[in-house]
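Asker: My structure file coords_22.tsv, TSV, C-alpha atoms, is below:
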```tsv
chain	number	residue	atom	x	y	z
A	1	MET	CA	112.84	90.31	47.91
A	2	ARG	CA	113.18	93.61	46.03
A	3	LYS	CA	116.57	95.00	45.05
A	4	VAL	CA	117.54	97.94	42.84
A	5	ARG	CA	120.07	96.94	40.18
A	6	PHE	CA	121.50	98.13	36.86
A	7	HIS	CA	122.19	95.76	33.96
A	8	GLN	CA	123.96	98.31	31.79
A	9	TYR	CA	125.91	101.52	32.35
A	10	GLY	CA	124.40	104.95	31.94
A	11	GLY	CA	122.48	107.51	33.99
A	12	ALA	CA	119.79	107.13	36.60
A	13	GLY	CA	117.38	105.73	34.01
A	14	VAL	CA	119.19	102.36	33.88
A	15	LEU	CA	118.19	101.52	37.45
A	16	ARG	CA	115.39	98.99	37.84
A	17	LEU	CA	113.71	97.07	40.64
A	18	ASP	CA	114.37	93.32	40.48
A	19	GLU	CA	113.12	90.35	42.48
A	20	VAL	CA	116.12	88.43	43.86
A	21	ALA	CA	116.84	85.77	46.45
A	22	GLU	CA	117.22	86.95	50.04
A	23	PRO	CA	120.88	87.09	51.15
A	24	GLN	CA	122.17	85.07	54.07
A	25	PRO	CA	124.79	86.30	56.55
A	26	GLY	CA	128.10	84.51	56.44
A	27	PRO	CA	130.74	84.33	59.20
A	28	GLY	CA	131.32	87.82	60.63
A	29	GLU	CA	128.23	89.28	58.93
A	30	VAL	CA	124.74	90.42	59.93
A	31	LEU	CA	121.48	90.39	57.96
A	32	VAL	CA	119.57	93.68	58.19
A	33	ARG	CA	115.99	94.47	57.20
A	34	THR	CA	116.37	97.92	55.61
A	35	GLU	CA	114.31	100.90	56.78
A	36	VAL	CA	115.96	103.60	54.65
A	37	ALA	CA	118.90	103.83	52.26
A	38	GLY	CA	120.83	106.94	51.30
A	39	VAL	CA	121.53	108.14	47.75
A	40	SER	CA	124.99	109.65	47.26
A	41	LEU	CA	127.05	111.04	44.40
A	42	MET	CA	129.23	107.92	44.45
A	43	ILE	CA	126.32	106.07	42.80
A	44	LEU	CA	126.83	108.17	39.66
A	45	LYS	CA	130.39	106.84	39.52
A	46	MET	CA	129.08	103.26	39.78
A	47	LEU	CA	126.72	103.85	36.86
A	48	ASP	CA	129.57	105.12	34.71
A	49	ALA	CA	131.30	102.40	32.69
A	50	ALA	CA	134.63	103.98	33.60
A	51	GLY	CA	133.96	103.05	37.21
A	52	GLY	CA	134.31	99.38	36.34
A	53	ALA	CA	131.42	98.09	38.49
A	54	PRO	CA	130.51	94.50	37.50
A	55	LEU	CA	127.13	93.88	35.85
A	56	PRO	CA	124.51	93.46	37.07
A	57	GLY	CA	125.39	96.03	39.72
A	58	SER	CA	123.60	97.28	42.79
A	59	PRO	CA	124.10	100.68	44.44
A	60	GLY	CA	125.57	100.76	47.92
A	61	GLY	CA	125.84	103.40	50.60
A	62	GLY	CA	124.38	104.39	53.91
A	63	PHE	CA	121.41	102.67	55.51
A	64	VAL	CA	119.38	102.32	58.70
A	65	GLY	CA	117.58	99.10	59.58
A	66	ARG	CA	117.09	96.31	62.07
A	67	ILE	CA	119.22	93.18	62.42
A	68	GLU	CA	117.28	90.02	61.61
A	69	ALA	CA	120.07	87.44	61.90
A	70	VAL	CA	123.76	87.27	62.77
A	71	GLY	CA	126.39	85.00	61.32
A	72	SER	CA	128.95	83.04	63.25
A	73	GLU	CA	131.89	84.94	64.79
A	74	VAL	CA	129.74	88.07	65.34
A	75	THR	CA	129.93	89.58	68.83
A	76	GLY	CA	128.29	92.69	70.24
A	77	TYR	CA	125.31	92.59	67.86
A	78	ARG	CA	122.06	90.60	68.09
A	79	ALA	CA	118.82	90.09	66.21
A	80	GLY	CA	116.36	92.92	66.86
A	81	LEU	CA	118.99	95.64	67.30
A	82	ARG	CA	118.49	98.80	65.26
A	83	VAL	CA	121.66	99.85	63.41
A	84	GLY	CA	122.94	102.20	60.76
A	85	GLY	CA	126.04	102.15	58.61
A	86	ILE	CA	127.33	101.43	55.12
A	87	ALA	CA	126.74	98.35	52.96
A	88	ALA	CA	127.57	97.31	49.42
A	89	ASP	CA	123.97	96.56	48.35
A	90	ALA	CA	121.90	99.02	50.35
A	91	PHE	CA	119.02	99.55	47.87
A	92	ALA	CA	117.16	96.41	48.90
A	93	ASP	CA	114.61	95.03	51.36
A	94	ARG	CA	117.43	93.23	53.15
A	95	LEU	CA	121.18	93.63	53.08
A	96	VAL	CA	124.30	92.05	54.53
A	97	ALA	CA	126.73	94.20	56.52
A	98	VAL	CA	129.79	93.70	58.71
A	99	PRO	CA	130.05	94.99	62.31
A	100	ALA	CA	133.02	97.24	61.48
A	101	THR	CA	130.79	99.43	59.29
A	102	ILE	CA	127.68	99.68	61.50
A	103	THR	CA	126.68	101.33	64.76
A	104	PRO	CA	123.60	101.11	67.03
A	105	VAL	CA	120.82	103.64	66.33
A	106	PRO	CA	118.47	104.94	69.07
A	107	GLU	CA	114.92	103.64	68.82
A	108	GLY	CA	113.22	107.03	69.06
A	109	VAL	CA	115.01	108.68	66.15
A	110	ASP	CA	113.33	108.88	62.72
A	111	ALA	CA	115.11	106.59	60.27
A	112	ALA	CA	115.85	109.34	57.74
A	113	GLU	CA	117.30	111.63	60.43
A	114	ALA	CA	119.35	108.76	61.81
A	115	LEU	CA	120.68	108.02	58.33
A	116	GLY	CA	121.70	111.67	57.99
A	117	LEU	CA	123.87	111.33	61.09
A	118	VAL	CA	125.39	107.86	60.73
A	119	HIS	CA	126.57	108.67	57.20
A	120	GLY	CA	126.70	112.36	56.22
A	121	GLY	CA	126.86	113.64	59.78
A	122	LEU	CA	129.77	111.37	60.60
A	123	VAL	CA	131.75	112.73	57.65
A	124	ALA	CA	130.77	116.34	58.40
A	125	LEU	CA	131.74	116.35	62.06
A	126	ALA	CA	134.88	114.27	61.49
A	127	ALA	CA	135.99	116.80	58.86
A	128	LEU	CA	135.50	119.67	61.31
A	129	ARG	CA	137.45	117.78	63.99
A	130	VAL	CA	140.26	116.89	61.60
A	131	GLY	CA	140.28	120.52	60.47
A	132	GLU	CA	140.62	121.61	64.12
A	133	LEU	CA	137.87	124.22	64.04
A	134	GLU	CA	138.03	126.55	67.03
A	135	PRO	CA	135.27	128.87	68.30
A	136	GLY	CA	135.39	132.27	66.62
A	137	GLN	CA	137.01	131.02	63.41
A	138	GLU	CA	135.56	131.40	59.92
A	139	VAL	CA	134.59	128.46	57.72
A	140	LEU	CA	133.73	127.90	54.06
A	141	VAL	CA	132.06	124.69	52.84
A	142	THR	CA	131.61	123.66	49.21
A	143	ASN	CA	128.79	121.45	47.93
A	144	ALA	CA	127.03	123.10	50.85
A	145	ALA	CA	123.47	122.03	50.03
A	146	GLY	CA	124.35	118.33	49.75
A	147	GLY	CA	123.93	115.48	52.21
A	148	VAL	CA	127.23	116.22	53.97
A	149	GLY	CA	127.57	119.93	53.27
A	150	HIS	CA	124.23	121.01	54.76
A	151	LEU	CA	125.27	119.32	58.00
A	152	VAL	CA	128.71	120.99	57.95
A	153	VAL	CA	126.94	124.36	57.83
A	154	GLN	CA	124.89	123.52	60.93
A	155	LEU	CA	127.71	121.83	62.82
A	156	ALA	CA	130.17	124.67	62.20
A	157	LYS	CA	127.68	127.09	63.74
A	158	ALA	CA	126.96	124.72	66.63
A	159	LEU	CA	130.71	124.48	67.33
A	160	GLY	CA	131.13	128.24	67.49
A	161	ALA	CA	132.20	129.38	64.02
A	162	SER	CA	131.78	133.15	63.78
A	163	ARG	CA	131.15	133.12	60.02
A	164	VAL	CA	130.05	130.31	57.73
A	165	VAL	CA	130.23	130.75	53.97
A	166	ALA	CA	128.25	128.23	51.88
A	167	ALA	CA	129.44	127.65	48.30
A	168	THR	CA	127.02	126.00	45.89
A	169	SER	CA	126.28	125.56	42.20
A	170	ALA	CA	122.94	127.39	42.32
A	171	PRO	CA	122.85	130.11	45.01
A	172	GLU	CA	119.69	131.66	43.56
A	173	ARG	CA	117.81	128.40	44.18
A	174	LYS	CA	119.59	127.09	47.26
A	175	GLY	CA	120.42	130.33	49.08
A	176	ASP	CA	117.32	130.54	51.29
A	177	PHE	CA	117.74	126.90	52.28
A	178	LEU	CA	121.37	127.42	53.31
A	179	ARG	CA	120.75	130.67	55.15
A	180	GLY	CA	117.95	128.92	57.02
A	181	LEU	CA	120.51	126.39	58.24
A	182	GLY	CA	122.80	129.12	59.58
A	183	ALA	CA	125.00	130.17	56.65
A	184	ASP	CA	126.05	133.81	56.94
A	185	GLU	CA	126.91	134.08	53.23
A	186	VAL	CA	126.03	132.06	50.14
A	187	VAL	CA	128.27	132.19	47.05
A	188	GLY	CA	128.15	130.51	43.65
A	189	TYR	CA	130.98	128.60	42.02
A	190	ASP	CA	130.77	130.99	39.07
A	191	ARG	CA	131.44	134.02	41.26
A	192	GLN	CA	134.97	135.40	40.95
A	193	ASP	CA	135.17	136.53	44.57
A	194	TRP	CA	134.07	134.31	47.45
A	195	GLY	CA	134.49	137.13	49.97
A	196	ALA	CA	136.96	137.58	52.80
A	197	PRO	CA	139.39	134.67	53.37
A	198	VAL	CA	138.53	132.02	55.97
A	199	ASP	CA	140.45	129.91	58.48
A	200	LEU	CA	139.07	126.54	57.38
A	201	VAL	CA	137.60	125.15	54.15
A	202	LEU	CA	135.67	121.87	54.04
A	203	GLU	CA	135.81	120.86	50.37
A	204	GLY	CA	133.16	118.46	49.08
A	205	ALA	CA	132.90	119.25	45.36
A	206	GLY	CA	136.30	118.40	43.87
A	207	GLY	CA	137.38	119.10	40.31
A	208	ALA	CA	137.83	122.76	39.41
A	209	VAL	CA	136.39	123.83	42.77
A	210	LEU	CA	139.32	122.34	44.71
A	211	PRO	CA	142.00	124.94	43.79
A	212	ARG	CA	139.48	127.73	44.39
A	213	ALA	CA	138.86	126.31	47.85
A	214	LEU	CA	142.58	126.58	48.59
A	215	ALA	CA	142.60	130.17	47.34
A	216	ALA	CA	139.77	131.02	49.78
A	217	LEU	CA	142.07	130.44	52.78
A	218	ARG	CA	143.92	133.14	54.67
A	219	PRO	CA	147.63	132.46	55.37
A	220	PHE	CA	148.17	129.41	57.59
A	221	GLY	CA	144.61	128.25	56.90
A	222	ARG	CA	143.48	124.61	56.70
A	223	LEU	CA	141.80	122.76	53.86
A	224	VAL	CA	140.08	119.41	54.43
A	225	THR	CA	139.07	117.63	51.25
A	226	MET	CA	136.26	115.15	51.91
A	227	ALA	CA	135.13	114.25	48.36
A	228	GLY	CA	136.50	111.52	46.14
A	229	TYR	CA	135.82	113.38	42.89
A	230	GLY	CA	139.38	114.31	41.95
A	231	GLY	CA	140.99	117.68	41.48
A	232	THR	CA	144.52	119.10	41.45
A	233	LEU	CA	146.30	121.52	43.78
A	234	ASP	CA	149.33	123.56	42.82
A	235	ALA	CA	152.22	122.95	45.22
A	236	GLY	CA	153.35	126.54	44.84
A	237	ALA	CA	149.96	127.79	46.00
A	238	VAL	CA	150.14	125.56	49.06
A	239	LEU	CA	153.65	126.76	49.86
A	240	GLY	CA	152.81	130.40	49.27
A	241	SER	CA	149.91	130.41	51.72
A	242	MET	CA	151.54	127.95	54.16
A	243	ALA	CA	148.23	126.09	54.11
A	244	THR	CA	147.64	122.70	55.69
A	245	VAL	CA	145.86	120.28	53.35
A	246	THR	CA	144.29	117.12	54.80
A	247	GLY	CA	142.38	114.36	53.07
A	248	LEU	CA	139.53	112.76	54.97
A	249	SER	CA	139.05	108.98	54.70
A	250	MET	CA	136.46	107.53	57.08
A	251	GLY	CA	137.90	104.08	56.40
A	252	GLN	CA	141.34	105.17	57.61
A	253	LEU	CA	139.83	106.86	60.66
A	254	ALA	CA	137.81	103.77	61.54
A	255	ARG	CA	140.89	101.55	61.28
A	256	ASN	CA	143.44	103.84	62.93
A	257	ARG	CA	141.45	106.27	65.09
A	258	PRO	CA	138.38	104.30	66.22
A	259	GLU	CA	138.19	106.33	69.41
A	260	LEU	CA	137.72	109.53	67.37
A	261	VAL	CA	134.94	107.93	65.32
A	262	ALA	CA	133.21	106.80	68.53
A	263	GLU	CA	133.48	110.32	70.00
A	264	VAL	CA	132.06	111.87	66.84
A	265	ARG	CA	129.11	109.46	66.79
A	266	ALA	CA	128.26	110.15	70.43
A	267	GLU	CA	128.49	113.90	69.90
A	268	LEU	CA	126.17	113.75	66.89
A	269	TRP	CA	123.41	112.06	68.90
A	270	ARG	CA	123.82	114.67	71.65
A	271	LEU	CA	123.59	117.54	69.17
A	272	LEU	CA	120.50	116.02	67.56
A	273	ALA	CA	118.80	115.58	70.94
A	274	ALA	CA	119.63	119.20	71.79
A	275	GLU	CA	118.15	120.30	68.42
A	276	LYS	CA	121.45	121.89	67.39
A	277	ILE	CA	121.40	120.05	64.05
A	278	ARG	CA	118.62	118.90	61.73
A	279	PRO	CA	119.36	116.44	58.92
A	280	VAL	CA	117.29	117.36	55.87
A	281	SER	CA	116.18	114.68	53.42
A	282	VAL	CA	113.96	114.21	50.37
A	283	GLU	CA	112.24	110.82	50.51
A	284	PHE	CA	111.29	108.41	47.72
A	285	PRO	CA	109.93	104.87	47.88
A	286	LEU	CA	112.36	102.14	46.79
A	287	GLU	CA	110.63	101.68	43.43
A	288	ARG	CA	111.41	105.32	42.56
A	289	ALA	CA	115.15	105.01	43.14
A	290	ALA	CA	115.88	106.29	39.62
A	291	GLU	CA	114.12	109.58	40.41
A	292	ALA	CA	116.18	110.02	43.57
A	293	VAL	CA	119.44	109.45	41.70
A	294	ALA	CA	118.31	111.81	38.93
A	295	LEU	CA	118.09	114.62	41.50
A	296	LEU	CA	121.84	114.23	42.01
A	297	GLU	CA	122.48	114.19	38.26
A	298	TRP	CA	120.65	117.49	37.97
A	299	ARG	CA	122.27	118.91	41.15
A	300	ALA	CA	118.73	119.74	42.24
A	301	VAL	CA	118.61	118.24	45.73
A	302	LEU	CA	118.49	120.16	49.01
A	303	GLY	CA	119.84	117.88	51.72
A	304	LYS	CA	120.01	114.15	51.09
A	305	PRO	CA	117.84	111.93	48.84
A	306	VAL	CA	116.61	108.97	50.87
A	307	LEU	CA	114.84	105.77	49.83
A	308	ARG	CA	112.15	104.63	52.29
A	309	VAL	CA	112.34	100.85	52.02
A	310	SER	CA	110.19	99.59	54.89
```
Translate the structure described by the file into structure tokens.
Answerer:
Amino acid sequence: MRKVRFHQYGGAGVLRLDEVAEPQPGPGEVLVRTEVAGVSLMILKMLDAAGGAPLPGSPGGGFVGRIEAVGSEVTGYRAGLRVGGIAADAFADRLVAVPATITPVPEGVDAAEALGLVHGGLVALAALRVGELEPGQEVLVTNAAGGVGHLVVQLAKALGASRVVAATSAPERKGDFLRGLGADEVVGYDRQDWGAPVDLVLEGAGGAVLPRALAALRPFGRLVTMAGYGGTLDAGAVLGSMATVTGLSMGQLARNRPELVAEVRAELWRLLAAEKIRPVSVEFPLERAAEAVALLEWRAVLGKPVLRVS
């Protein structure tokens, strides 16, 4: 079968399509024939030698597909069931996953749209729930044109936010896209003033953007950081604004608040059926995985890059 791998560290150009043996599900695992796989910024970390990924490596992330076989000790899942979730080696014709990281996917939903919900949508709506958004409040989201951020913009509006500010690296190129999704204002990271303070910031960029996200809050505001890209906050700034800062880990939520994750998943399917949200993707065939990853290197993507596998 085909599988995207990298045999050295570097940028997107080191990815190549290899022929490898088909995996087999072990105890507690399922074998999935992949329909689509999602490309995320975490792949750039894998390709960096500092990330320490063993060689040869294979990108992982979100996927949607159909179960072909189940290993022993698996309950609640069967061959033929359509599922989505996260797997370690998602850029392949077939992959092995564990039930704890997958969820059933409705048959009538396009695979790319389903992927947008089971991965980015899950993070986006969980962040808004953890951030306790209430109708009438004002929200700012960073990395707003990305796979998670563009869904935060839509979901915040769907949940009653009175004002949504979208922060991005290239407002001149991404502004129309974000306003079309419901953003009331679009600001660039290079702009000194991000406008009037907000009640809630959903921070997905990290680095130097993180302290600016804190500064965008009004007193007693809430900041939810949902990106694993680092960044430092000054304790004095947190104290001075009496802000609440929360980190979002989907792994922790799944282990400790599974009922919340289940509620979020169900709500996402309802919102999609009601046409309140619309996952946006840019599709590539599996053999052009390097091009999809390069879009993230260049920060040129609107929505989520998706590999159409089968």
Asker: Between atom CA of A:Leu55 and atom CA of A:Gly147, what is the distance, to one decimal in Å?
Answerer: 27.3 Å
Asker: For A:Lys304, which residue among A:Met1, A:Ala69, A:Leu95, A:Ala144 is the nearest when counting only C-alpha atoms?
Answerer: A:Ala144
Asker: Tell me, in Å to one decimal, how far atom CA of A:Glu22 is from atom CA of A:Asp48.
Answerer: 26.8 Å
Asker: At a cut-off of 12 Å, using only C-alpha atoms, what residues contact A:Gly116? Leave out same-chain residues fewer than 6 positions from it and give the result as an MDAnalysis selection string.
Answerer: chainID A and resid 36:40 61:64 84:85 105 109:110 122:125 146:152 265 268:269 272 277:282 303:306
Asker: Which residue, A:Lys276, A:Lys174, A:Lys157, A:Arg288, has the smallest gap to A:Gly13 when you use all atoms listed in the file?
Answerer: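 Closest to A:Gly13 of all the choices is A:Arg288.
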Asker: Can you pull out every residue within 9 Å of stretch 219-231 of chain A, counting all atoms listed in the file, but drop anything in the same chain fewer than 4 positions away, and send it as a PyMOL selection string?
Answerer: chain A and resi 42+123-124+127-128+130-132+197-211+213-214+240-249
Asker: With all atoms listed in the file as the counted atoms, please give the residues lying no more than 9 Å from A:His7, apart from itself and same-chain residues fewer than 5 positions off, as a list in words.
Answerer: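 Using all atoms listed in the file, the neighbours found are Val14, Leu15, Arg16, Leu55, Pro56 and Gly57 of chain A.
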Asker: Could you jot down the atom CA of A:Val32 to atom CA of A:Ala97 separation for me, Å, one decimal place?
Answerer: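 We find that atom CA of A:Val32 and atom CA of A:Ala97 lie 7.4 Å from each other.
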Asker: If you count all atoms listed in the file, which residues fall within 9 Å of A:Val20, apart from same-chain ones fewer than 3 positions away, as a list in words?
Answerer: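 My list of contacting residues is Met1, Arg2, Lys3 and Pro23 of chain A.
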Asker: Have a look at A:Arg129, A:Lys45, A:Arg257, A:Arg191 and name the one nearest to A:Glu297; count only C-alpha atoms.
Answerer: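 Looking only at the distances to A:Glu297, the closest residue turns out to be A:Lys45.
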